[in-house]
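The structure file my_file.txt is reproduced below (compact mmCIF, C-alpha atoms).
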# COMPACT_ATOMS: atom_id res chain seq x y z
CA MET A 1 118.66 56.37 158.36
CA GLU A 2 119.86 59.94 157.93
CA GLN A 3 117.50 62.51 159.37
CA ASP A 4 116.66 64.07 156.00
CA CYS A 5 116.14 60.71 154.26
CA ILE A 6 112.54 59.45 154.35
CA VAL A 7 112.92 56.53 151.88
CA ARG A 8 116.03 54.37 151.61
CA ILE A 9 116.20 51.48 149.16
CA GLN A 10 119.19 49.15 149.38
CA ASN A 11 120.22 46.33 147.05
CA LEU A 12 116.65 45.82 145.91
CA ASN A 13 115.87 43.07 143.41
CA LYS A 14 112.47 42.01 142.13
CA THR A 15 111.89 39.01 139.91
CA PHE A 16 108.66 37.53 138.59
CA ARG A 17 108.38 33.83 137.80
CA GLY A 18 105.91 32.49 135.30
CA ARG A 19 105.43 29.85 132.67
CA ALA A 20 107.73 31.70 130.30
CA GLY A 21 110.51 31.80 132.88
CA THR A 22 111.96 34.38 135.23
CA VAL A 23 111.70 38.10 134.48
CA VAL A 24 114.02 40.51 136.31
CA ALA A 25 111.98 43.67 136.93
CA LEU A 26 114.45 45.42 139.27
CA ASP A 27 118.15 44.70 139.64
CA GLY A 28 120.35 46.09 142.40
CA ILE A 29 118.41 49.30 143.12
CA ASN A 30 119.97 51.69 145.64
CA LEU A 31 118.19 54.97 146.20
CA ASP A 32 117.77 57.62 148.92
CA ILE A 33 114.83 60.06 148.79
CA ARG A 34 115.00 63.08 151.07
CA ARG A 35 112.23 64.25 153.34
CA GLY A 36 110.15 67.05 151.84
CA GLU A 37 111.57 66.94 148.31
CA ILE A 38 109.88 66.34 144.97
CA PHE A 39 111.77 63.38 143.53
CA GLY A 40 111.38 62.03 140.01
CA ILE A 41 111.85 58.50 138.71
CA ILE A 42 111.90 58.39 134.91
CA GLY A 43 112.35 55.66 132.34
CA LEU A 44 110.90 54.16 129.21
CA SER A 45 107.99 51.73 129.28
CA GLY A 46 109.08 48.42 130.78
CA ALA A 47 112.11 49.87 132.52
CA GLY A 48 110.77 48.91 135.97
CA LYS A 49 109.67 52.26 137.37
CA SER A 50 106.10 51.24 138.25
CA THR A 51 107.37 48.07 139.92
CA LEU A 52 109.77 50.23 141.91
CA VAL A 53 107.03 52.51 143.22
CA ARG A 54 104.96 49.47 144.22
CA CYS A 55 107.96 48.13 146.12
CA ILE A 56 108.22 51.43 148.01
CA ASN A 57 104.82 50.82 149.62
CA PHE A 58 105.21 47.04 149.59
CA LEU A 59 102.27 46.38 147.31
CA GLU A 60 105.02 44.31 145.69
CA ARG A 61 107.41 42.58 148.07
CA PRO A 62 111.03 42.73 146.88
CA THR A 63 112.70 39.43 146.09
CA GLU A 64 115.86 40.70 147.79
CA GLY A 65 117.00 43.89 149.51
CA THR A 66 115.39 46.34 151.91
CA VAL A 67 113.03 49.29 151.82
CA GLU A 68 113.05 51.68 154.77
CA VAL A 69 110.33 54.30 155.11
CA ASP A 70 110.72 56.89 157.84
CA GLY A 71 113.12 54.64 159.73
CA GLN A 72 111.05 51.43 159.47
CA GLU A 73 112.23 48.48 157.39
CA LEU A 74 109.01 47.37 155.73
CA GLY A 75 110.09 43.75 155.37
CA THR A 76 110.19 43.32 159.16
CA LEU A 77 106.62 44.57 159.78
CA THR A 78 103.58 42.43 160.45
CA GLU A 79 100.65 42.74 158.05
CA LYS A 80 98.82 44.98 160.54
CA GLU A 81 101.88 47.23 160.99
CA LEU A 82 102.36 47.37 157.23
CA ARG A 83 98.75 48.48 156.70
CA GLU A 84 99.25 51.23 159.28
CA THR A 85 102.50 52.32 157.62
CA ARG A 86 100.77 52.50 154.24
CA HIS A 87 98.47 55.18 155.69
CA SER A 88 101.54 57.42 155.62
CA MET A 89 101.87 56.88 151.85
CA GLY A 90 99.16 58.23 149.57
CA MET A 91 99.09 57.13 145.93
CA ILE A 92 97.61 58.52 142.72
CA PHE A 93 97.41 56.73 139.38
CA GLN A 94 97.23 57.43 135.65
CA GLN A 95 93.59 56.32 135.38
CA PHE A 96 92.41 58.05 138.61
CA ASN A 97 90.81 54.84 140.01
CA LEU A 98 87.77 56.65 141.40
CA LEU A 99 84.66 54.78 142.51
CA GLN A 100 82.11 55.58 139.81
CA GLN A 101 79.04 55.16 142.03
CA ARG A 102 80.34 57.65 144.60
CA THR A 103 80.41 61.44 144.41
CA ALA A 104 83.66 63.37 144.65
CA LEU A 105 83.02 63.93 148.36
CA GLN A 106 82.24 60.26 148.95
CA ASN A 107 85.39 59.20 147.08
CA VAL A 108 87.53 61.34 149.37
CA CYS A 109 85.67 59.98 152.41
CA PHE A 110 86.33 56.38 151.39
CA PRO A 111 89.82 55.90 152.92
CA LEU A 112 88.64 57.69 156.07
CA GLU A 113 85.74 55.25 156.40
CA ILE A 114 88.17 52.34 156.07
CA ALA A 115 90.34 53.93 158.76
CA GLY A 116 87.30 54.00 161.10
CA MET A 117 86.77 57.77 161.25
CA LYS A 118 83.28 58.92 162.27
CA LYS A 119 81.14 59.98 159.33
CA ALA A 120 80.74 63.62 160.36
CA GLU A 121 84.49 64.01 160.87
CA ALA A 122 85.22 62.27 157.56
CA VAL A 123 82.86 64.57 155.66
CA GLU A 124 84.40 67.64 157.28
CA ARG A 125 87.91 66.54 156.37
CA ALA A 126 86.88 65.56 152.83
CA ARG A 127 85.32 68.98 152.24
CA ALA A 128 88.51 70.66 153.46
CA LEU A 129 90.60 68.55 151.07
CA LEU A 130 88.33 69.29 148.11
CA ASP A 131 88.91 72.94 148.91
CA VAL A 132 92.70 72.33 148.85
CA VAL A 133 92.41 70.98 145.30
CA SER A 134 89.96 73.75 144.26
CA LEU A 135 86.94 71.46 143.81
CA SER A 136 84.70 72.43 146.72
CA ASP A 137 81.96 73.34 144.22
CA ARG A 138 82.03 69.84 142.71
CA ALA A 139 81.62 67.84 145.92
CA ASP A 140 78.31 66.29 144.81
CA ASN A 141 79.39 65.47 141.24
CA TYR A 142 80.05 61.89 140.15
CA PRO A 143 83.29 61.05 138.28
CA SER A 144 81.40 60.85 134.95
CA GLN A 145 80.43 64.51 135.45
CA LEU A 146 84.04 65.63 135.91
CA SER A 147 86.83 66.30 133.43
CA GLY A 148 90.03 64.25 133.53
CA GLY A 149 91.86 66.99 135.39
CA GLN A 150 89.04 67.31 137.91
CA GLN A 151 89.00 63.55 138.47
CA GLN A 152 92.74 63.61 139.14
CA ARG A 153 92.21 66.43 141.64
CA VAL A 154 89.66 64.27 143.46
CA ALA A 155 92.20 61.42 143.43
CA ILE A 156 94.82 63.74 144.93
CA ALA A 157 92.39 64.85 147.65
CA ARG A 158 91.62 61.20 148.40
CA ALA A 159 95.35 60.38 148.60
CA LEU A 160 95.80 63.20 151.13
CA ALA A 161 92.91 62.03 153.32
CA THR A 162 95.02 60.02 155.78
CA ASN A 163 97.63 62.79 156.27
CA PRO A 164 100.41 60.97 154.41
CA LYS A 165 104.07 61.87 154.69
CA ILE A 166 104.71 60.63 151.15
CA LEU A 167 102.65 61.03 147.97
CA LEU A 168 103.41 58.45 145.26
CA CYS A 169 102.38 59.56 141.76
CA ASP A 170 102.48 56.74 139.20
CA GLU A 171 102.19 58.35 135.73
CA ALA A 172 99.64 60.69 137.27
CA THR A 173 99.56 63.11 134.32
CA SER A 174 99.98 60.70 131.40
CA ALA A 175 96.25 60.65 130.59
CA LEU A 176 95.94 64.45 130.66
CA ASP A 177 96.41 67.15 128.02
CA PRO A 178 99.42 69.50 128.36
CA THR A 179 97.48 72.40 129.91
CA THR A 180 95.79 70.17 132.48
CA THR A 181 99.13 68.45 133.17
CA ARG A 182 100.70 71.80 134.05
CA SER A 183 97.82 72.64 136.41
CA ILE A 184 98.12 69.26 138.19
CA LEU A 185 101.89 69.66 138.52
CA ALA A 186 101.40 73.16 139.93
CA LEU A 187 98.94 71.72 142.44
CA LEU A 188 101.40 68.99 143.52
CA LYS A 189 104.13 71.61 143.89
CA ASP A 190 101.82 73.76 146.02
CA ILE A 191 100.88 70.77 148.21
CA ASN A 192 104.56 69.94 148.68
CA ARG A 193 105.33 73.52 149.67
CA LYS A 194 102.37 74.07 152.00
CA LEU A 195 102.11 70.64 153.63
CA GLY A 196 105.74 69.50 153.48
CA ILE A 197 104.75 66.16 151.93
CA THR A 198 107.48 64.26 150.07
CA VAL A 199 106.30 63.76 146.48
CA ILE A 200 107.66 60.91 144.34
CA ILE A 201 106.84 61.29 140.64
CA ILE A 202 106.96 58.24 138.34
CA THR A 203 106.91 59.25 134.67
CA HIS A 204 108.29 58.64 131.19
CA GLU A 205 108.12 62.36 130.31
CA MET A 206 111.21 64.51 130.80
CA ALA A 207 109.06 67.65 130.65
CA VAL A 208 107.28 66.57 133.85
CA ILE A 209 110.63 66.08 135.62
CA GLU A 210 111.91 69.48 134.46
CA GLU A 211 108.71 71.20 135.56
CA ILE A 212 108.46 70.00 139.14
CA CYS A 213 111.29 67.80 140.47
CA LEU A 214 114.37 68.74 142.48
CA ARG A 215 116.23 65.47 141.90
CA VAL A 216 115.75 62.60 139.49
CA ALA A 217 116.69 58.94 139.12
CA ILE A 218 116.84 57.52 135.61
CA ILE A 219 115.96 53.83 135.41
CA ASP A 220 117.04 51.79 132.41
CA ALA A 221 116.51 48.05 131.90
CA SER A 222 115.69 47.44 135.59
CA ARG A 223 118.73 49.32 136.93
CA ILE A 224 119.39 52.90 138.06
CA ALA A 225 121.43 54.53 135.29
CA GLU A 226 121.89 57.96 136.87
CA VAL A 227 120.79 60.00 139.90
CA GLY A 228 121.26 63.68 140.57
CA PRO A 229 119.77 67.18 140.69
CA VAL A 230 117.51 67.76 137.68
CA GLU A 231 119.56 70.75 136.49
CA GLN A 232 122.76 68.70 136.59
CA VAL A 233 121.28 65.71 134.77
CA PHE A 234 119.64 67.97 132.18
CA THR A 235 122.74 70.05 131.45
CA ARG A 236 125.36 67.30 131.74
CA PRO A 237 123.73 63.89 131.20
CA GLN A 238 126.16 61.06 131.97
CA SER A 239 124.23 57.96 130.87
CA ALA A 240 123.04 56.87 127.44
CA MET A 241 119.46 56.69 128.71
CA ALA A 242 119.61 60.26 130.08
CA ARG A 243 120.79 61.49 126.69
CA GLN A 244 118.02 59.55 124.96
CA LEU A 245 115.39 61.12 127.22
CA ILE A 246 116.78 64.64 126.93
CA TYR A 247 117.91 64.91 123.31
CA PRO A 248 115.46 65.01 120.38
CA ASP A 249 114.14 61.49 119.84
CA GLY A 250 117.64 60.12 120.42
CA LYS A 251 117.87 59.68 116.64
CA ARG A 252 121.07 60.48 114.81
CA ASP A 253 119.32 61.10 111.51
CA LYS A 254 117.58 64.14 113.01
CA LEU A 255 120.86 66.06 112.63
CA ALA A 256 122.60 66.97 109.38
CA THR A 257 126.11 65.84 108.55
CA GLY A 258 127.98 69.01 109.53
CA LYS A 259 130.98 68.94 111.84
CA HIS A 260 130.13 71.61 114.39
CA TYR A 261 127.18 71.51 116.75
CA CYS A 262 126.41 72.98 120.13
CA ARG A 263 123.67 72.47 122.67
CA ILE A 264 122.41 75.49 124.59
CA VAL A 265 120.57 74.95 127.86
CA PHE A 266 118.38 77.82 129.05
CA ASP A 267 117.99 77.57 132.82
CA GLY A 268 116.29 80.81 133.69
CA ASN A 269 117.68 83.70 131.66
CA SER A 270 115.18 86.33 130.63
CA SER A 271 112.87 85.26 127.81
CA PHE A 272 113.26 88.72 126.34
CA GLU A 273 116.96 88.22 125.56
CA PRO A 274 117.26 86.93 121.96
CA VAL A 275 120.48 85.00 122.56
CA VAL A 276 120.70 83.22 119.20
CA SER A 277 119.72 86.29 117.15
CA ASN A 278 122.26 88.42 118.99
CA MET A 279 124.96 85.80 118.37
CA VAL A 280 124.25 85.80 114.62
CA LEU A 281 124.40 89.60 114.46
CA GLU A 282 127.44 89.94 116.70
CA CYS A 283 129.54 87.18 115.12
CA LYS A 284 128.27 87.39 111.54
CA ALA A 285 127.85 83.62 111.83
CA PRO A 286 124.62 82.10 110.46
CA VAL A 287 123.47 78.96 112.26
CA ASN A 288 120.79 76.32 111.77
CA ILE A 289 118.44 75.51 114.64
CA MET A 290 118.27 71.71 114.46
CA PHE A 291 116.10 71.24 117.55
CA ALA A 292 114.42 73.50 120.08
CA ASP A 293 112.41 72.70 123.18
CA THR A 294 112.02 75.84 125.23
CA LYS A 295 109.26 77.25 127.40
CA ASP A 296 108.53 80.52 129.17
CA ILE A 297 107.92 80.26 132.92
CA ASP A 298 107.22 83.55 134.67
CA GLY A 299 109.07 85.53 132.00
CA ARG A 300 112.18 83.34 132.03
CA ALA A 301 113.37 80.83 129.46
CA TYR A 302 113.87 77.14 130.23
CA GLY A 303 114.77 74.35 127.84
CA GLN A 304 117.34 73.60 125.17
CA MET A 305 118.39 74.19 121.57
CA ILE A 306 120.77 72.28 119.32
CA LEU A 307 122.47 74.50 116.75
CA GLN A 308 124.49 73.59 113.68
CA LEU A 309 127.40 76.03 113.62
CA PRO A 310 129.28 77.32 110.55
CA GLU A 311 131.73 74.90 108.94
CA ASP A 312 134.46 77.53 109.16
CA GLU A 313 136.48 76.81 112.34
CA ARG A 314 137.04 80.46 113.22
CA ALA A 315 133.39 81.41 112.74
CA ALA A 316 132.27 78.44 114.86
CA LYS A 317 134.69 79.38 117.65
CA ARG A 318 133.51 83.02 117.59
CA ALA A 319 129.92 81.86 117.97
CA LEU A 320 130.80 79.54 120.87
CA ALA A 321 132.87 82.25 122.58
CA TYR A 322 129.92 84.65 122.37
CA LEU A 323 127.45 82.10 123.76
CA GLU A 324 129.73 81.43 126.73
CA THR A 325 129.43 85.09 127.73
CA GLN A 326 125.65 84.76 127.98
CA ASN A 327 123.60 83.30 130.82
CA VAL A 328 123.34 79.85 129.19
CA HIS A 329 125.09 76.49 129.50
CA VAL A 330 126.86 75.52 126.26
CA GLU A 331 128.14 72.12 125.11
CA GLU A 332 130.15 71.68 121.93
CA GLY A 333 130.24 68.45 119.92
CA ASP A 334 129.61 66.65 116.66
CA ALA A 335 126.40 64.93 115.56
CA ASP A 336 127.17 61.84 117.64
CA ALA A 337 127.43 63.91 120.84
CA PHE A 338 123.75 64.91 120.74
CA THR A 339 122.11 61.66 119.62
Would you mind writing the structure in this file as structure tokens?
Amino acid sequence: MEQDCIVRIQNLNKTFRGRAGTVVALDGINLDIRRGEIFGIIGLSGAGKSTLVRCINFLERPTEGTVEVDGQELGTLTEKELRETRHSMGMIFQQFNLLQQRTALQNVCFPLEIAGMKKAEAVERARALLDVVSLSDRADNYPSQLSGGQQQRVAIARALATNPKILLCDEATSALDPTTTRSILALLKDINRKLGITVIIITHEMAVIEEICLRVAIIDASRIAEVGPVEQVFTRPQSAMARQLIYPDGKRDKLATGKHYCRIVFDGNSSFEPVVSNMVLECKAPVNIMFADTKDIDGRAYGQMILQLPEDERAAKRALAYLETQNVHVEEGDADAFT
């Protein structure tokens, strides 16, 4: 295994057999995840992403193929060795999975108790971890007394208890509102930066990938459709599934029937630069904004717009030429190109 690769998946297949027949959950998965990165795995419901994350820690044993974690092929380990290896992989879930009869502090202590740590040491470590997730003042609260975001913070602290090298996040923000989601993602990013833990994010939301991940794998119908840096996949999607996840609803009828369209990707230009307004004034070319999904992060614009350009060829070309002089990525196409 390469030095910077902490997870390597090769030729992985997973099938489930039942009364209704055989279901192929994963088919020919090959994936390398680098040490210390925040890596995203995204797909629609039923695509196989949750099965994939459970194969990474061998909660599900692959039908075929290998999973290596930090140089160890999990399929060759004894049950005892596998349990020890799982200590290096923390996991958080959509529904938090906290023990309702235990306080926040006791929930974080739980994996330490299982690992055989002395009670005083476990309590000390648990308090330190609650401080990391900004919940030291809620140590004695039960889950029912905490908000969803606070419960997920307790779950993150619990996942960090055994000093993992990898943090697996299976739809960890799907049950949270947008503001709380952003705070949890900021926390995961801070943990990655301060502790150097590799974070693997499983999600169906492209906004989560854009917010936090360095690289992303898109899974479609049990297979990997595309892998690459988030910026590259977002600006130049190669697969049909990537386009469906990135473009508005993936529905053709969202666009009008005009000939000329362009997609603008904002990847960090100043939010105070009115690019579209300036283009209209400069080129005397009115446009329709067919779709916009942009956000301001630290005074800089991120996201995308799809514009319907003038029907006149020369006016459309003037508008495109102007946009290409700005600090944005521009794609030209017809209605089919963006659906």
Within 12 Å of stretch 152-175 of chain A: each stretch 57-101 of chain A residue with its shortest pair, all atoms listed in the file, as a Markdown table:
| residue | atom | partner | partner_atom | distance |
| --- | --- | --- | --- | --- |
| A:Asn57 | CA | A:Leu168 | CA | 8.9 |
| A:Val69 | CA | A:Ile166 | CA | 9.3 |
| A:Asp70 | CA | A:Lys165 | CA | 8.9 |
| A:Glu84 | CA | A:Thr162 | CA | 10.4 |
| A:Thr85 | CA | A:Pro164 | CA | 9.5 |
| A:Arg86 | CA | A:Pro164 | CA | 8.5 |
| A:His87 | CA | A:Thr162 | CA | 5.9 |
| A:Ser88 | CA | A:Pro164 | CA | 3.9 |
| A:Met89 | CA | A:Ile166 | CA | 4.8 |
| A:Gly90 | CA | A:Ala159 | CA | 4.5 |
| A:Met91 | CA | A:Leu168 | CA | 4.6 |
| A:Ile92 | CA | A:Cys169 | CA | 5.0 |
| A:Phe93 | CA | A:Ala172 | CA | 5.0 |
| A:Gln94 | CA | A:Ala172 | CA | 4.4 |
| A:Gln95 | CA | A:Ala175 | CA | 7.0 |
| A:Phe96 | CA | A:Gln152 | CA | 5.6 |
| A:Asn97 | CA | A:Ala155 | CA | 7.5 |
| A:Leu98 | CA | A:Ala155 | CA | 6.8 |
| A:Leu99 | CA | A:Ala155 | CA | 10.1 |
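The shortest atom-to-atom distance to A:Val227, with all atoms listed in the file taken into account, belongs to A:Ser239 out of A:Gln244, A:Thr203, A:Ser239, A:Thr22.
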Subject >> Within 10 Å of A:Glu205 using only C-alpha atoms, minus same-chain residues under 2 positions, as a ChimeraX atom specification >> reply: /A:41-44,171,173-174,202-203,207-210,245-246
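Among the candidates A:Leu323, A:Ile114, A:Ala225, A:Leu214, the one nearest to A:Asn30 when counting only C-alpha atoms is A:Ala225.
In this model, the gap between atom CA of A:Ile38 and atom CA of A:Ala25 comes to 24.1 Å.
With distances taken from (84.7, 70.9, 152.9) and restricted to only C-alpha atoms, the residues inside 12 Å are Ala104, Leu105, Gln106, Val108, Cys109, Ala120, Glu121, Ala122, Val123, Glu124, Arg125, Ala126, Arg127, Ala128, Leu129, Leu130, Asp131, Val132, Val133, Ser134, Leu135, Ser136, Asp137, Arg138, Ala139, Asp140 and Ala157 of chain A.
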**OP:** Write out as a list in words which residues come within 9 Å of A:Gly149 when counting all atoms listed in the file, dropping same-chain ones fewer than 6 positions away.
**Re:** Thr173, Leu176, Asp177, Thr180, Thr181, Ser183 and Ile184 of chain A
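With distances restricted to all atoms listed in the file, A:Arg35 is the closest residue to A:Gly196 from A:Leu59, A:Asn327, A:Ser50, A:Arg35.
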Subject >> Shell around A:Gly228 at 8 Å using only C-alpha atoms, local window under 4 positions removed, as a list in words >> reply: Arg215, Val216, Ala217, Gln232 and Val233 of chain A
Now that the selection is made, can you save its residues with C-alpha atoms as a PDB file, keeping the file's coordinate frame?
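For reference, selection09.pdb as written:
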ATOM      1  CA  ARG A 215     116.230  65.470 141.900  1.00  0.00           C
ATOM      2  CA  VAL A 216     115.750  62.600 139.490  1.00  0.00           C
ATOM      3  CA  ALA A 217     116.690  58.940 139.120  1.00  0.00           C
ATOM      4  CA  GLN A 232     122.760  68.700 136.590  1.00  0.00           C
ATOM      5  CA  VAL A 233     121.280  65.710 134.770  1.00  0.00           C
TER       6      VAL A 233
END
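Counting from atom CA of A:Cys55, the distance to atom CA of A:Gly75 is 10.5 Å.
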Excluding A:Asp312 and residues on its chain fewer than 2 positions from it, collect all residues at most 10 Å away from it, counting all atoms listed in the file, and give them as a PDB file with C-alpha atoms, in the frame of the given file.
ATOM      1  CA  LYS A 259     130.980  68.940 111.840  1.00  0.00           C
ATOM      2  CA  HIS A 260     130.130  71.610 114.390  1.00  0.00           C
ATOM      3  CA  ALA A 285     127.850  83.620 111.830  1.00  0.00           C
ATOM      4  CA  LEU A 309     127.400  76.030 113.620  1.00  0.00           C
ATOM      5  CA  PRO A 310     129.280  77.320 110.550  1.00  0.00           C
ATOM      6  CA  ARG A 314     137.040  80.460 113.220  1.00  0.00           C
ATOM      7  CA  ALA A 315     133.390  81.410 112.740  1.00  0.00           C
ATOM      8  CA  ALA A 316     132.270  78.440 114.860  1.00  0.00           C
ATOM      9  CA  LYS A 317     134.690  79.380 117.650  1.00  0.00           C
TER      10      LYS A 317
END
Could you give me stretch 109-118 of chain A completed to all heavy atoms, formatted as an mmCIF file, in the frame of the given file?
data_model
loop_
_atom_site.group_PDB
_atom_site.id
_atom_site.type_symbol
_atom_site.label_atom_id
_atom_site.label_comp_id
_atom_site.auth_asym_id
_atom_site.auth_seq_id
_atom_site.Cartn_x
_atom_site.Cartn_y
_atom_site.Cartn_z
ATOM 1 N N CYS A 109 86.012 60.561 151.102
ATOM 2 C CA CYS A 109 85.670 59.980 152.410
ATOM 3 C C CYS A 109 86.069 58.512 152.523
ATOM 4 O O CYS A 109 86.275 58.008 153.643
ATOM 5 C CB CYS A 109 84.160 60.099 152.654
ATOM 6 S SG CYS A 109 83.598 61.742 153.140
ATOM 7 N N PHE A 110 86.169 57.828 151.380
ATOM 8 C CA PHE A 110 86.330 56.380 151.390
ATOM 9 C C PHE A 110 87.492 55.882 152.249
ATOM 10 O O PHE A 110 87.306 55.011 153.118
ATOM 11 C CB PHE A 110 86.439 55.862 149.952
ATOM 12 C CG PHE A 110 86.478 54.369 149.850
ATOM 13 C CD1 PHE A 110 85.413 53.598 150.282
ATOM 14 C CD2 PHE A 110 87.583 53.730 149.322
ATOM 15 C CE1 PHE A 110 85.441 52.214 150.200
ATOM 16 C CE2 PHE A 110 87.630 52.353 149.228
ATOM 17 C CZ PHE A 110 86.557 51.588 149.664
ATOM 18 N N PRO A 111 88.726 56.391 152.071
ATOM 19 C CA PRO A 111 89.820 55.900 152.920
ATOM 20 C C PRO A 111 89.637 56.247 154.398
ATOM 21 O O PRO A 111 90.129 55.527 155.271
ATOM 22 C CB PRO A 111 91.065 56.586 152.343
ATOM 23 C CG PRO A 111 90.562 57.759 151.602
ATOM 24 C CD PRO A 111 89.223 57.375 151.084
ATOM 25 N N LEU A 112 88.901 57.313 154.676
ATOM 26 C CA LEU A 112 88.640 57.690 156.070
ATOM 27 C C LEU A 112 87.648 56.716 156.697
ATOM 28 O O LEU A 112 87.754 56.378 157.882
ATOM 29 C CB LEU A 112 88.110 59.118 156.122
ATOM 30 C CG LEU A 112 89.068 60.185 155.567
ATOM 31 C CD1 LEU A 112 88.381 61.546 155.497
ATOM 32 C CD2 LEU A 112 90.329 60.268 156.411
ATOM 33 N N GLU A 113 86.679 56.255 155.902
ATOM 34 C CA GLU A 113 85.740 55.250 156.400
ATOM 35 C C GLU A 113 86.486 53.956 156.727
ATOM 36 O O GLU A 113 86.236 53.324 157.765
ATOM 37 C CB GLU A 113 84.671 54.974 155.334
ATOM 38 C CG GLU A 113 83.746 56.154 155.060
ATOM 39 C CD GLU A 113 82.878 55.915 153.839
ATOM 40 O OE1 GLU A 113 82.879 54.772 153.307
ATOM 41 O OE2 GLU A 113 82.203 56.854 153.389
ATOM 42 N N ILE A 114 87.385 53.557 155.841
ATOM 43 C CA ILE A 114 88.170 52.340 156.070
ATOM 44 C C ILE A 114 89.015 52.473 157.340
ATOM 45 O O ILE A 114 89.178 51.512 158.099
ATOM 46 C CB ILE A 114 89.071 52.048 154.853
ATOM 47 C CG1 ILE A 114 88.214 51.679 153.641
ATOM 48 C CG2 ILE A 114 90.060 50.924 155.159
ATOM 49 C CD1 ILE A 114 88.988 51.506 152.363
ATOM 50 N N ALA A 115 89.515 53.696 157.575
ATOM 51 C CA ALA A 115 90.340 53.930 158.760
ATOM 52 C C ALA A 115 89.515 54.028 160.040
ATOM 53 O O ALA A 115 90.070 54.134 161.140
ATOM 54 C CB ALA A 115 91.162 55.212 158.579
ATOM 55 N N GLY A 116 88.170 54.003 159.917
ATOM 56 C CA GLY A 116 87.300 54.000 161.100
ATOM 57 C C GLY A 116 86.920 55.369 161.613
ATOM 58 O O GLY A 116 86.395 55.487 162.729
ATOM 59 N N MET A 117 87.127 56.419 160.811
ATOM 60 C CA MET A 117 86.770 57.770 161.250
ATOM 61 C C MET A 117 85.243 57.923 161.250
ATOM 62 O O MET A 117 84.550 57.394 160.379
ATOM 63 C CB MET A 117 87.406 58.813 160.336
ATOM 64 C CG MET A 117 87.135 60.250 160.750
ATOM 65 S SD MET A 117 87.959 61.480 159.675
ATOM 66 C CE MET A 117 89.661 61.293 160.172
ATOM 67 N N LYS A 118 84.720 58.656 162.213
ATOM 68 C CA LYS A 118 83.280 58.920 162.270
ATOM 69 C C LYS A 118 82.848 59.692 161.037
ATOM 70 O O LYS A 118 83.592 60.518 160.505
ATOM 71 C CB LYS A 118 82.947 59.705 163.532
ATOM 72 C CG LYS A 118 83.150 58.903 164.822
ATOM 73 C CD LYS A 118 82.791 59.736 166.036
ATOM 74 C CE LYS A 118 82.994 58.945 167.328
ATOM 75 N NZ LYS A 118 82.679 59.746 168.527
#
